[in-house]
file model_31.cif (mmCIF, C-alpha atoms and all ligand atoms)
data_target
#
loop_
_atom_site.group_PDB
_atom_site.id
_atom_site.type_symbol
_atom_site.label_atom_id
_atom_site.label_comp_id
_atom_site.auth_asym_id
_atom_site.auth_seq_id
_atom_site.Cartn_x
_atom_site.Cartn_y
_atom_site.Cartn_z
ATOM 1 C CA MET H 258 71.089 114.586 62.503
ATOM 2 C CA SER H 259 69.085 111.973 60.599
ATOM 3 C CA ASN H 260 71.430 109.005 60.510
ATOM 4 C CA PRO H 261 72.885 108.030 63.874
ATOM 5 C CA LEU H 262 76.636 107.606 64.171
ATOM 6 C CA ARG H 263 77.173 103.866 64.721
ATOM 7 C CA ILE H 264 79.798 102.649 67.188
ATOM 8 C CA GLY H 265 80.789 98.979 66.837
ATOM 9 C CA THR H 266 81.956 97.107 69.930
ATOM 10 C CA ARG H 267 82.196 93.699 71.524
ATOM 11 C CA GLY H 268 79.505 92.906 74.052
ATOM 12 C CA SER H 269 81.700 92.275 77.110
ATOM 13 C CA PRO H 270 81.130 94.562 80.091
ATOM 14 C CA LEU H 271 84.582 96.135 79.556
ATOM 15 C CA ALA H 272 84.022 96.692 75.823
ATOM 16 C CA LEU H 273 80.607 98.242 76.504
ATOM 17 C CA ALA H 274 82.083 100.556 79.137
ATOM 18 C CA GLN H 275 84.667 101.702 76.574
ATOM 19 C CA ALA H 276 81.990 102.254 73.903
ATOM 20 C CA HIS H 277 79.875 104.276 76.340
ATOM 21 C CA GLN H 278 82.907 106.351 77.309
ATOM 22 C CA THR H 279 83.492 107.053 73.617
ATOM 23 C CA ARG H 280 79.866 108.019 73.101
ATOM 24 C CA ALA H 281 79.983 110.377 76.108
ATOM 25 C CA ARG H 282 83.167 112.041 74.824
ATOM 26 C CA LEU H 283 81.667 112.489 71.336
ATOM 27 C CA ALA H 284 78.471 113.963 72.800
ATOM 28 C CA ALA H 285 80.474 116.358 74.982
ATOM 29 C CA ALA H 286 82.642 117.499 72.069
ATOM 30 C CA HIS H 287 79.901 117.968 69.456
ATOM 31 C CA ALA H 288 76.526 119.538 70.189
ATOM 32 C CA ALA H 289 75.013 117.717 67.196
ATOM 33 C CA LEU H 290 75.834 114.383 68.847
ATOM 34 C CA ALA H 291 74.393 115.224 72.263
ATOM 35 C CA ALA H 292 70.835 114.072 71.457
ATOM 36 C CA PRO H 293 70.049 110.646 72.948
ATOM 37 C CA ASP H 294 69.519 108.998 69.537
ATOM 38 C CA ALA H 295 72.450 110.659 67.745
ATOM 39 C CA ILE H 296 74.847 107.792 68.492
ATOM 40 C CA GLU H 297 73.986 104.118 68.312
ATOM 41 C CA ILE H 298 76.033 101.356 69.941
ATOM 42 C CA VAL H 299 76.146 98.190 67.805
ATOM 43 C CA VAL H 300 77.264 95.019 69.612
ATOM 44 C CA ILE H 301 79.234 92.564 67.462
ATOM 45 C CA LYS H 302 80.281 89.073 68.548
ATOM 46 C CA THR H 303 83.904 88.229 67.747
ATOM 47 C CA THR H 304 85.749 84.929 67.513
ATOM 48 C CA GLY H 305 87.410 85.772 70.819
ATOM 49 C CA ASP H 306 84.013 85.951 72.505
ATOM 50 C CA ARG H 307 83.087 82.489 71.307
ATOM 51 C CA ILE H 308 86.111 80.673 72.676
ATOM 52 C CA GLN H 309 86.089 81.777 76.300
ATOM 53 C CA ASP H 310 87.231 78.429 77.671
ATOM 54 C CA ARG H 311 90.381 77.921 75.671
ATOM 55 C CA THR H 312 93.530 79.915 75.956
ATOM 56 C CA LEU H 313 94.255 82.400 73.215
ATOM 57 C CA MET H 314 97.261 80.334 72.300
ATOM 58 C CA GLU H 315 95.201 77.220 71.611
ATOM 59 C CA ALA H 316 92.775 79.249 69.561
ATOM 60 C CA GLY H 317 95.643 80.667 67.514
ATOM 61 C CA GLY H 318 95.644 83.535 65.105
ATOM 62 C CA LYS H 319 95.583 87.258 65.624
ATOM 63 C CA GLY H 320 92.733 89.683 65.695
ATOM 64 C CA LEU H 321 90.457 87.371 67.651
ATOM 65 C CA PHE H 322 88.722 90.334 69.272
ATOM 66 C CA THR H 323 88.709 92.645 66.258
ATOM 67 C CA LYS H 324 88.104 90.704 63.025
ATOM 68 C CA GLU H 325 84.291 90.742 62.833
ATOM 69 C CA ILE H 326 84.170 94.360 64.011
ATOM 70 C CA GLU H 327 86.634 95.410 61.308
ATOM 71 C CA GLU H 328 84.570 93.565 58.719
ATOM 72 C CA ALA H 329 81.493 95.551 59.780
ATOM 73 C CA LEU H 330 83.512 98.768 59.563
ATOM 74 C CA THR H 331 84.793 97.965 56.080
ATOM 75 C CA ALA H 332 81.281 96.985 54.960
ATOM 76 C CA GLY H 333 79.884 100.269 56.261
ATOM 77 C CA SER H 334 77.436 98.825 58.788
ATOM 78 C CA ILE H 335 79.236 100.761 61.558
ATOM 79 C CA ASP H 336 81.120 104.082 61.388
ATOM 80 C CA LEU H 337 83.698 103.604 64.113
ATOM 81 C CA ALA H 338 85.044 100.717 66.173
ATOM 82 C CA VAL H 339 86.194 101.042 69.766
ATOM 83 C CA HIS H 340 88.984 98.674 70.817
ATOM 84 C CA SER H 341 91.261 97.988 73.744
ATOM 85 C CA MET H 342 94.470 98.862 71.872
ATOM 86 C CA LYS H 343 96.271 95.917 73.403
ATOM 87 C CA ASP H 344 93.961 93.554 71.493
ATOM 88 C CA VAL H 345 94.517 95.289 68.146
ATOM 89 C CA PRO H 346 96.839 93.355 65.806
ATOM 90 C CA THR H 347 100.053 94.976 64.621
ATOM 91 C CA TRP H 348 98.796 95.561 61.102
ATOM 92 C CA LEU H 349 95.335 96.914 60.334
ATOM 93 C CA PRO H 350 93.316 95.750 57.310
ATOM 94 C CA ASP H 351 93.663 97.874 54.150
ATOM 95 C CA GLY H 352 91.400 100.916 54.209
ATOM 96 C CA LEU H 353 91.112 101.119 58.008
ATOM 97 C CA GLU H 354 93.064 103.336 60.386
ATOM 98 C CA ILE H 355 93.347 104.339 64.031
ATOM 99 C CA ARG H 356 93.986 108.072 64.302
ATOM 100 C CA CYS H 357 92.290 108.612 67.643
ATOM 101 C CA LEU H 358 93.387 107.298 71.044
ATOM 102 C CA LEU H 359 91.543 108.242 74.227
ATOM 103 C CA PRO H 360 93.620 109.325 77.250
ATOM 104 C CA ARG H 361 95.454 106.269 78.549
ATOM 105 C CA GLU H 362 94.542 104.729 81.888
ATOM 106 C CA ASP H 363 97.202 103.486 84.304
ATOM 107 C CA PRO H 364 98.921 100.734 82.277
ATOM 108 C CA ARG H 365 99.977 98.556 85.238
ATOM 109 C CA ASP H 366 98.700 95.114 86.161
ATOM 110 C CA ALA H 367 96.764 94.414 89.353
ATOM 111 C CA PHE H 368 97.468 91.357 91.531
ATOM 112 C CA PHE H 369 94.741 89.409 93.327
ATOM 113 C CA SER H 370 95.199 86.812 96.039
ATOM 114 C CA GLU H 371 93.498 85.718 99.226
ATOM 115 C CA ILE H 372 96.653 84.148 100.660
ATOM 116 C CA ALA H 373 99.331 86.777 99.963
ATOM 117 C CA GLY H 374 99.568 90.560 99.808
ATOM 118 C CA HIS H 375 101.932 90.590 96.831
ATOM 119 C CA LEU H 376 103.422 88.307 94.195
ATOM 120 C CA ASP H 377 106.626 88.237 96.257
ATOM 121 C CA ASP H 378 104.761 86.941 99.320
ATOM 122 C CA LEU H 379 103.111 83.906 97.708
ATOM 123 C CA PRO H 380 104.181 80.658 99.374
ATOM 124 C CA GLU H 381 106.517 78.370 97.487
ATOM 125 C CA GLY H 382 104.735 76.331 94.824
ATOM 126 C CA ALA H 383 101.601 78.502 94.801
ATOM 127 C CA VAL H 384 99.420 78.404 91.687
ATOM 128 C CA VAL H 385 98.990 81.560 89.595
ATOM 129 C CA GLY H 386 96.168 81.656 87.068
ATOM 130 C CA THR H 387 96.843 83.541 83.840
ATOM 131 C CA ALA H 388 96.443 82.821 80.132
ATOM 132 C CA SER H 389 98.838 85.627 79.259
ATOM 133 C CA LEU H 390 102.313 84.468 78.197
ATOM 134 C CA ARG H 391 103.629 87.921 79.064
ATOM 135 C CA ARG H 392 102.431 87.653 82.652
ATOM 136 C CA GLN H 393 103.455 83.996 82.867
ATOM 137 C CA ALA H 394 107.024 84.712 81.742
ATOM 138 C CA GLN H 395 107.495 87.620 84.136
ATOM 139 C CA VAL H 396 105.966 85.747 87.088
ATOM 140 C CA LEU H 397 108.180 82.701 86.500
ATOM 141 C CA SER H 398 111.259 84.836 85.928
ATOM 142 C CA ARG H 399 110.810 86.420 89.348
ATOM 143 C CA ARG H 400 109.395 83.338 91.092
ATOM 144 C CA PRO H 401 110.563 80.152 89.323
ATOM 145 C CA ASP H 402 109.037 78.084 92.131
ATOM 146 C CA LEU H 403 105.454 79.105 91.276
ATOM 147 C CA LYS H 404 103.128 77.161 89.002
ATOM 148 C CA VAL H 405 101.225 78.969 86.249
ATOM 149 C CA VAL H 406 97.940 77.580 84.925
ATOM 150 C CA PRO H 407 95.700 79.172 82.288
ATOM 151 C CA ILE H 408 92.445 80.759 83.439
ATOM 152 C CA ARG H 409 90.120 82.883 81.401
ATOM 153 C CA GLY H 410 86.738 84.460 81.781
ATOM 154 C CA ASN H 411 85.593 87.814 83.036
ATOM 155 C CA VAL H 412 86.619 89.425 86.286
ATOM 156 C CA GLU H 413 83.789 87.822 88.286
ATOM 157 C CA THR H 414 84.605 84.336 86.998
ATOM 158 C CA ARG H 415 88.265 84.727 87.857
ATOM 159 C CA LEU H 416 87.624 86.023 91.336
ATOM 160 C CA ARG H 417 85.252 83.102 91.934
ATOM 161 C CA LYS H 418 88.028 80.670 90.939
ATOM 162 C CA LEU H 419 90.319 82.477 93.331
ATOM 163 C CA ALA H 420 87.794 82.285 96.181
ATOM 164 C CA ALA H 421 87.203 78.591 95.419
ATOM 165 C CA GLY H 422 90.935 77.952 95.766
ATOM 166 C CA GLU H 423 91.324 76.798 92.133
ATOM 167 C CA VAL H 424 94.206 79.243 91.907
ATOM 168 C CA ASP H 425 96.131 81.099 94.618
ATOM 169 C CA ALA H 426 96.556 84.325 92.657
ATOM 170 C CA THR H 427 95.706 86.008 89.383
ATOM 171 C CA MET H 428 96.402 89.275 87.569
ATOM 172 C CA LEU H 429 94.313 91.671 85.508
ATOM 173 C CA ALA H 430 94.974 94.998 83.829
ATOM 174 C CA LEU H 431 94.269 97.827 86.255
ATOM 175 C CA ALA H 432 92.753 99.869 83.399
ATOM 176 C CA GLY H 433 89.918 97.433 82.823
ATOM 177 C CA LEU H 434 89.139 97.248 86.531
ATOM 178 C CA ARG H 435 89.015 101.038 86.768
ATOM 179 C CA ARG H 436 86.618 101.265 83.827
ATOM 180 C CA LEU H 437 84.360 98.663 85.445
ATOM 181 C CA ASP H 438 84.657 100.332 88.847
ATOM 182 C CA MET H 439 86.016 97.097 90.310
ATOM 183 C CA THR H 440 89.259 98.210 91.904
ATOM 184 C CA ASP H 441 88.076 97.498 95.449
ATOM 185 C CA ARG H 442 89.084 93.830 95.342
ATOM 186 C CA ILE H 443 92.649 94.431 94.134
ATOM 187 C CA THR H 444 95.302 93.032 96.486
ATOM 188 C CA ALA H 445 98.262 95.005 95.066
ATOM 189 C CA VAL H 446 99.236 96.975 91.977
ATOM 190 C CA LEU H 447 102.386 95.544 90.414
ATOM 191 C CA GLU H 448 105.096 98.092 89.619
ATOM 192 C CA THR H 449 106.347 98.019 86.045
ATOM 193 C CA ASP H 450 109.828 96.855 87.052
ATOM 194 C CA ILE H 451 108.156 93.648 88.253
ATOM 195 C CA MET H 452 105.452 93.343 85.615
ATOM 196 C CA LEU H 453 105.995 95.355 82.426
ATOM 197 C CA PRO H 454 102.610 95.883 80.702
ATOM 198 C CA ALA H 455 101.482 94.675 77.296
ATOM 199 C CA VAL H 456 101.982 97.013 74.356
ATOM 200 C CA ALA H 457 99.275 99.718 74.550
ATOM 201 C CA GLN H 458 97.733 98.330 77.747
ATOM 202 C CA GLY H 459 95.259 100.838 79.153
ATOM 203 C CA ALA H 460 94.720 102.669 75.852
ATOM 204 C CA ILE H 461 91.429 102.757 73.927
ATOM 205 C CA GLY H 462 91.724 103.149 70.153
ATOM 206 C CA ILE H 463 89.057 104.274 67.723
ATOM 207 C CA GLU H 464 89.236 102.732 64.273
ATOM 208 C CA THR H 465 87.606 104.240 61.188
ATOM 209 C CA ARG H 466 87.555 103.948 57.406
ATOM 210 C CA ALA H 467 90.484 105.914 56.009
ATOM 211 C CA GLY H 468 88.295 107.866 53.575
ATOM 212 C CA ASP H 469 85.550 108.732 56.056
ATOM 213 C CA ASP H 470 86.361 112.417 56.500
ATOM 214 C CA TYR H 471 83.154 113.125 58.413
ATOM 215 C CA THR H 472 83.807 110.582 61.197
ATOM 216 C CA ASN H 473 87.545 111.253 61.253
ATOM 217 C CA GLY H 474 86.780 114.956 61.614
ATOM 218 C CA LEU H 475 84.561 114.300 64.645
ATOM 219 C CA LEU H 476 87.303 112.281 66.308
ATOM 220 C CA VAL H 477 90.062 114.905 66.072
ATOM 221 C CA ALA H 478 88.766 116.531 69.270
ATOM 222 C CA LEU H 479 88.906 113.206 71.149
ATOM 223 C CA ASN H 480 92.505 112.231 70.407
ATOM 224 C CA CYS H 481 95.005 112.362 73.265
ATOM 225 C CA GLU H 482 98.343 113.352 71.749
ATOM 226 C CA GLU H 483 100.419 112.007 74.652
ATOM 227 C CA THR H 484 98.735 108.605 74.463
ATOM 228 C CA PHE H 485 99.133 108.603 70.679
ATOM 229 C CA ILE H 486 102.898 109.147 70.939
ATOM 230 C CA ARG H 487 103.393 106.508 73.645
ATOM 231 C CA VAL H 488 101.340 103.914 71.792
ATOM 232 C CA ALA H 489 103.112 104.748 68.505
ATOM 233 C CA ALA H 490 106.458 103.914 70.135
ATOM 234 C CA GLU H 491 105.178 100.670 71.669
ATOM 235 C CA ARG H 492 103.428 99.490 68.501
ATOM 236 C CA ALA H 493 106.481 100.281 66.370
ATOM 237 C CA LEU H 494 108.405 97.933 68.654
ATOM 238 C CA LEU H 495 105.730 95.274 68.132
ATOM 239 C CA ALA H 496 105.927 95.717 64.358
ATOM 240 C CA ALA H 497 109.721 95.359 64.385
ATOM 241 C CA LEU H 498 109.413 92.181 66.440
ATOM 242 C CA ASP H 499 106.808 90.799 64.053
ATOM 243 C CA GLY H 500 104.655 90.654 67.182
ATOM 244 C CA SER H 501 103.358 87.165 67.472
ATOM 245 C CA CYS H 502 100.903 86.738 70.347
ATOM 246 C CA ARG H 503 102.847 83.578 71.213
ATOM 247 C CA THR H 504 106.060 85.349 72.156
ATOM 248 C CA PRO H 505 105.938 87.113 75.503
ATOM 249 C CA ILE H 506 106.468 90.810 74.706
ATOM 250 C CA ALA H 507 106.080 93.724 77.104
ATOM 251 C CA ALA H 508 106.731 97.437 76.608
ATOM 252 C CA LEU H 509 106.031 100.781 78.184
ATOM 253 C CA ALA H 510 106.687 104.230 76.750
ATOM 254 C CA GLN H 511 106.441 107.283 78.979
ATOM 255 C CA LEU H 512 106.515 110.994 78.192
ATOM 256 C CA ASP H 513 107.594 113.628 80.664
ATOM 257 C CA GLY H 514 106.456 117.248 80.652
ATOM 258 C CA THR H 515 109.402 118.373 78.531
ATOM 259 C CA GLY H 516 108.602 116.009 75.648
ATOM 260 C CA ALA H 517 111.269 113.462 76.576
ATOM 261 C CA LEU H 518 110.183 109.936 75.680
ATOM 262 C CA THR H 519 111.458 106.777 77.344
ATOM 263 C CA LEU H 520 110.742 103.239 76.241
ATOM 264 C CA GLU H 521 111.339 100.049 78.201
ATOM 265 C CA ALA H 522 110.769 96.692 76.531
ATOM 266 C CA LEU H 523 111.348 92.994 77.013
ATOM 267 C CA VAL H 524 110.921 89.684 75.272
ATOM 268 C CA ALA H 525 111.121 86.338 77.037
ATOM 269 C CA ASP H 526 110.663 82.644 76.574
ATOM 270 C CA PRO H 527 107.278 81.522 77.957
ATOM 271 C CA ALA H 528 108.990 79.702 80.864
ATOM 272 C CA GLY H 529 110.551 82.977 81.953
ATOM 273 C CA SER H 530 114.008 81.435 82.127
ATOM 274 C CA ARG H 531 115.439 84.024 79.750
ATOM 275 C CA VAL H 532 114.218 87.615 79.744
ATOM 276 C CA LEU H 533 115.874 90.061 77.336
ATOM 277 C CA ARG H 534 115.401 93.725 78.141
ATOM 278 C CA THR H 535 116.265 96.975 76.446
ATOM 279 C CA ASP H 536 115.389 100.640 76.758
ATOM 280 C CA ARG H 537 115.599 103.822 74.715
ATOM 281 C CA SER H 538 115.172 107.496 75.351
ATOM 282 C CA GLY H 539 114.668 110.324 72.908
ATOM 283 C CA SER H 540 112.150 112.927 71.915
ATOM 284 C CA ALA H 541 108.444 112.531 71.256
ATOM 285 C CA SER H 542 108.928 113.240 67.559
ATOM 286 C CA ASP H 543 111.096 110.110 67.305
ATOM 287 C CA ALA H 544 108.504 107.771 68.880
ATOM 288 C CA GLU H 545 108.284 105.334 66.005
ATOM 289 C CA ALA H 546 112.018 105.270 65.326
ATOM 290 C CA LEU H 547 112.698 104.598 69.008
ATOM 291 C CA GLY H 548 110.242 101.707 69.061
ATOM 292 C CA ARG H 549 111.514 100.225 65.825
ATOM 293 C CA ASP H 550 115.120 100.470 66.966
ATOM 294 C CA ALA H 551 114.420 98.797 70.317
ATOM 295 C CA GLY H 552 112.381 96.093 68.575
ATOM 296 C CA GLU H 553 115.137 95.380 66.072
ATOM 297 C CA GLU H 554 117.659 95.065 68.870
ATOM 298 C CA LEU H 555 115.494 92.573 70.767
ATOM 299 C CA LYS H 556 114.796 90.644 67.587
ATOM 300 C CA SER H 557 118.497 90.306 66.861
ATOM 301 C CA LEU H 558 119.103 88.978 70.381
ATOM 302 C CA MET H 559 116.216 86.524 70.410
ATOM 303 C CA PRO H 560 117.063 82.834 70.148
ATOM 304 C CA PRO H 561 114.826 80.896 67.720
ATOM 305 C CA ASP H 562 112.907 79.097 70.472
ATOM 306 C CA PHE H 563 111.419 82.392 71.682
ATOM 307 C CA PHE H 564 109.248 82.271 68.557
ATOM 308 C CA VAL H 565 106.666 79.641 69.489
ATOM 309 C CA PRO H 566 105.490 78.267 66.126
HETATM 310 N N1 LIG H 601 93.106 90.698 76.642
HETATM 311 C C1 LIG H 601 91.902 91.163 77.255
HETATM 312 C C2 LIG H 601 92.014 92.590 77.673
HETATM 313 N N2 LIG H 601 92.150 93.567 76.756
HETATM 314 C C3 LIG H 601 92.245 94.753 77.416
HETATM 315 C C4 LIG H 601 92.149 94.500 78.770
HETATM 316 C C5 LIG H 601 92.213 95.509 79.839
HETATM 317 C C6 LIG H 601 92.019 96.937 79.443
HETATM 318 C C7 LIG H 601 93.190 97.589 78.788
HETATM 319 O O1 LIG H 601 94.332 97.092 78.792
HETATM 320 O O2 LIG H 601 92.967 98.682 78.236
HETATM 321 C C8 LIG H 601 91.984 93.132 78.946
HETATM 322 C C9 LIG H 601 91.811 92.393 80.213
HETATM 323 C C10 LIG H 601 93.070 92.211 81.033
HETATM 324 O O3 LIG H 601 94.174 91.994 80.502
HETATM 325 O O4 LIG H 601 92.960 92.238 82.262
#
call {"tool": "encode", "arguments": {"input": "model_31.cif", "output": "structure tokens", "more": "lines below"}}
Ligand SMILES: NCc1[nH]cc(CCC(=O)O)c1CC(=O)O
result
Amino acid sequence: MSNPLRIGTRGSPLALAQAHQTRARLAAAHAALAAPDAIEIVVIKTTGDRIQDRTLMEAGGKGLFTKEIEEALTAGSIDLAVHSMKDVPTWLPDGLEIRCLLPREDPRDAFFSEIAGHLDDLPEGAVVGTASLRRQAQVLSRRPDLKVVPIRGNVETRLRKLAAGEVDATMLALAGLRRLDMTDRITAVLETDIMLPAVAQGAIGIETRAGDDYTNGLLVALNCEETFIRVAAERALLAALDGSCRTPIAALAQLDGTGALTLEALVADPAGSRVLRTDRSGSASDAEALGRDAGEELKSLMPPDFFVP
């Protein structure tokens, strides 16, 4: 092949691991892509990479980790973009689509602490570092005595802050730690009845131009149908809720071997004093309807102050 297939990605260690996984899967599925120079990885800096020190909330706006990559895709300087699906905004720009999801990793969150074996064992008043409103709300709902402070940065930075005693505990998505081969320092994995994951947590999505039949054709072999159905249900919920990144939202869809789909979801106020939950079950073919229905229910129950302006 003369022109290499160009994969656009952020430059973080996690993003690069996901891009390399995508390249390996493409090379394994298509002999023409197995040559070392058949696929090029193009690193693109996003707004989210520039504002490491502030919380996402202060930075505001959606698509912090995707905007510049989507612009490159639209402009044609890359052919596909690899994203952590949980960072992908509810609505994609015109002309772009995500038809391919790689097999989902374990969607749960991991807990780290040097003073307790589990969230439930932290001493009264302990400080939990997280910039995620979803994690904050669920932590405070279960443990109103704890204090939550924002921390950001990569895994190493966070674990250093933990070791330095800046925070007593923190949480990270298990999926990212697995992809970076950094699960050895995990203190506990939080069950989803304690910490419901973010929409699409653990899923990698591949975005393309809608009219690019060549690239879309290559990706058919990489799509994981089960992941696609689960993420479709969760993202339909997000769409129905008008998913603002400032409202704590969590959801998890699961498929059993018979094609039965279950969806659990919650919204909360950031202080975790009110958590509204719902669930649905149905068949895989109703994924989007199930998500939309659950989202509409939660939206109708939500008091106005859940929507942080
Ligand atoms: N918001 C950053 C982000 N986006 C995706 C992941 C983890 C990987 C995944 O969920 O697929 C992370 C880090 C984290 O929350 O610990």
call {"tool": "residues_around", "arguments": {"input": "model_31.cif", "residues": "range 527-537 of chain H", "least_positions_apart": "4", "cutoff": "8 Å", "atoms": "only C-alpha atoms", "output": "NGL selection string"}}
result
:H and (390-391 or 393-398 or 401 or 504-505 or 519-523 or 547 or 551 or 554-555 or 558-559 or 563)
call {"tool": "closest_residue", "arguments": {"input": "model_31.cif", "among": "H:Asn411, H:Gln458, H:Gln278, H:Thr449", "to": "ligand LIG 601 (chain H)", "atoms": "all atoms listed in the file"}}
result
H:Gln458
call {"tool": "resolve_selection", "arguments": {"input": "model_31.cif", "expression": "the PyMOL selection byres (((chain H and resi 429) around 12) and not hetatm)", "output": "ChimeraX atom specification"}}
result
/H:364-370,385-389,391-392,408-413,415-416,426-428,430-435,439-440,442-447,452,454-455,458-459
call {"tool": "resolve_selection", "arguments": {"input": "model_31.cif", "expression": "the PyMOL selection byres (((chain H and resi 544) around 8) and not hetatm)", "output": "PyMOL selection string"}}
result
chain H and resi 486-487+489-490+518+539-543+545-548
call {"tool": "closest_residue", "arguments": {"input": "model_31.cif", "among": "H:His340, H:Arg466, H:Arg417, H:His375", "to": "ligand LIG 601 (chain H)", "atoms": "only C-alpha atoms and all ligand atoms"}}
result
H:His340
call {"tool": "decode", "arguments": {"input": "model_31.cif", "residues": "range 510-528 of chain H", "atoms": "N, CA and C atoms", "output": "compact mmCIF listing (two decimals), in the first residue's frame"}}
result
# COMPACT_ATOMS: atom_id res chain seq x y z
N ALA H 510 -24.56 -0.86 31.17
CA ALA H 510 -25.39 -1.84 30.48
C ALA H 510 -24.63 -3.16 30.43
N GLN H 511 -25.34 -4.25 30.63
CA GLN H 511 -24.72 -5.57 30.54
C GLN H 511 -25.59 -6.51 29.72
N LEU H 512 -24.91 -7.37 28.96
CA LEU H 512 -25.60 -8.33 28.10
C LEU H 512 -25.30 -9.72 28.60
N ASP H 513 -26.30 -10.55 28.75
CA ASP H 513 -25.98 -11.95 29.08
C ASP H 513 -25.95 -12.80 27.80
N GLY H 514 -25.62 -14.06 27.94
CA GLY H 514 -25.44 -14.92 26.79
C GLY H 514 -26.70 -15.12 25.95
N THR H 515 -27.86 -14.84 26.52
CA THR H 515 -29.11 -15.06 25.79
C THR H 515 -29.58 -13.81 25.04
N GLY H 516 -28.78 -12.73 25.12
CA GLY H 516 -29.18 -11.49 24.46
C GLY H 516 -30.05 -10.59 25.32
N ALA H 517 -30.15 -10.91 26.62
CA ALA H 517 -30.90 -10.04 27.54
C ALA H 517 -30.00 -8.89 27.99
N LEU H 518 -30.54 -7.68 27.89
CA LEU H 518 -29.78 -6.48 28.20
C LEU H 518 -30.32 -5.85 29.47
N THR H 519 -29.42 -5.50 30.39
CA THR H 519 -29.85 -4.76 31.58
C THR H 519 -29.10 -3.44 31.61
N LEU H 520 -29.76 -2.44 32.13
CA LEU H 520 -29.15 -1.11 32.24
C LEU H 520 -29.41 -0.56 33.62
N GLU H 521 -28.35 -0.17 34.31
CA GLU H 521 -28.48 0.54 35.58
C GLU H 521 -27.96 1.94 35.35
N ALA H 522 -28.61 2.94 35.98
CA ALA H 522 -28.16 4.31 35.78
C ALA H 522 -28.47 5.15 36.99
N LEU H 523 -27.71 6.21 37.17
CA LEU H 523 -27.99 7.16 38.25
C LEU H 523 -27.58 8.56 37.84
N VAL H 524 -28.26 9.52 38.44
CA VAL H 524 -27.83 10.92 38.42
C VAL H 524 -27.80 11.38 39.87
N ALA H 525 -26.99 12.38 40.16
CA ALA H 525 -26.86 12.84 41.54
C ALA H 525 -26.53 14.32 41.55
N ASP H 526 -26.70 14.93 42.71
CA ASP H 526 -26.12 16.27 42.87
C ASP H 526 -24.65 16.06 43.23
N PRO H 527 -23.78 17.04 42.90
CA PRO H 527 -22.34 16.83 43.12
C PRO H 527 -22.00 16.50 44.58
N ALA H 528 -22.78 16.99 45.53
CA ALA H 528 -22.51 16.72 46.95
C ALA H 528 -22.92 15.31 47.35
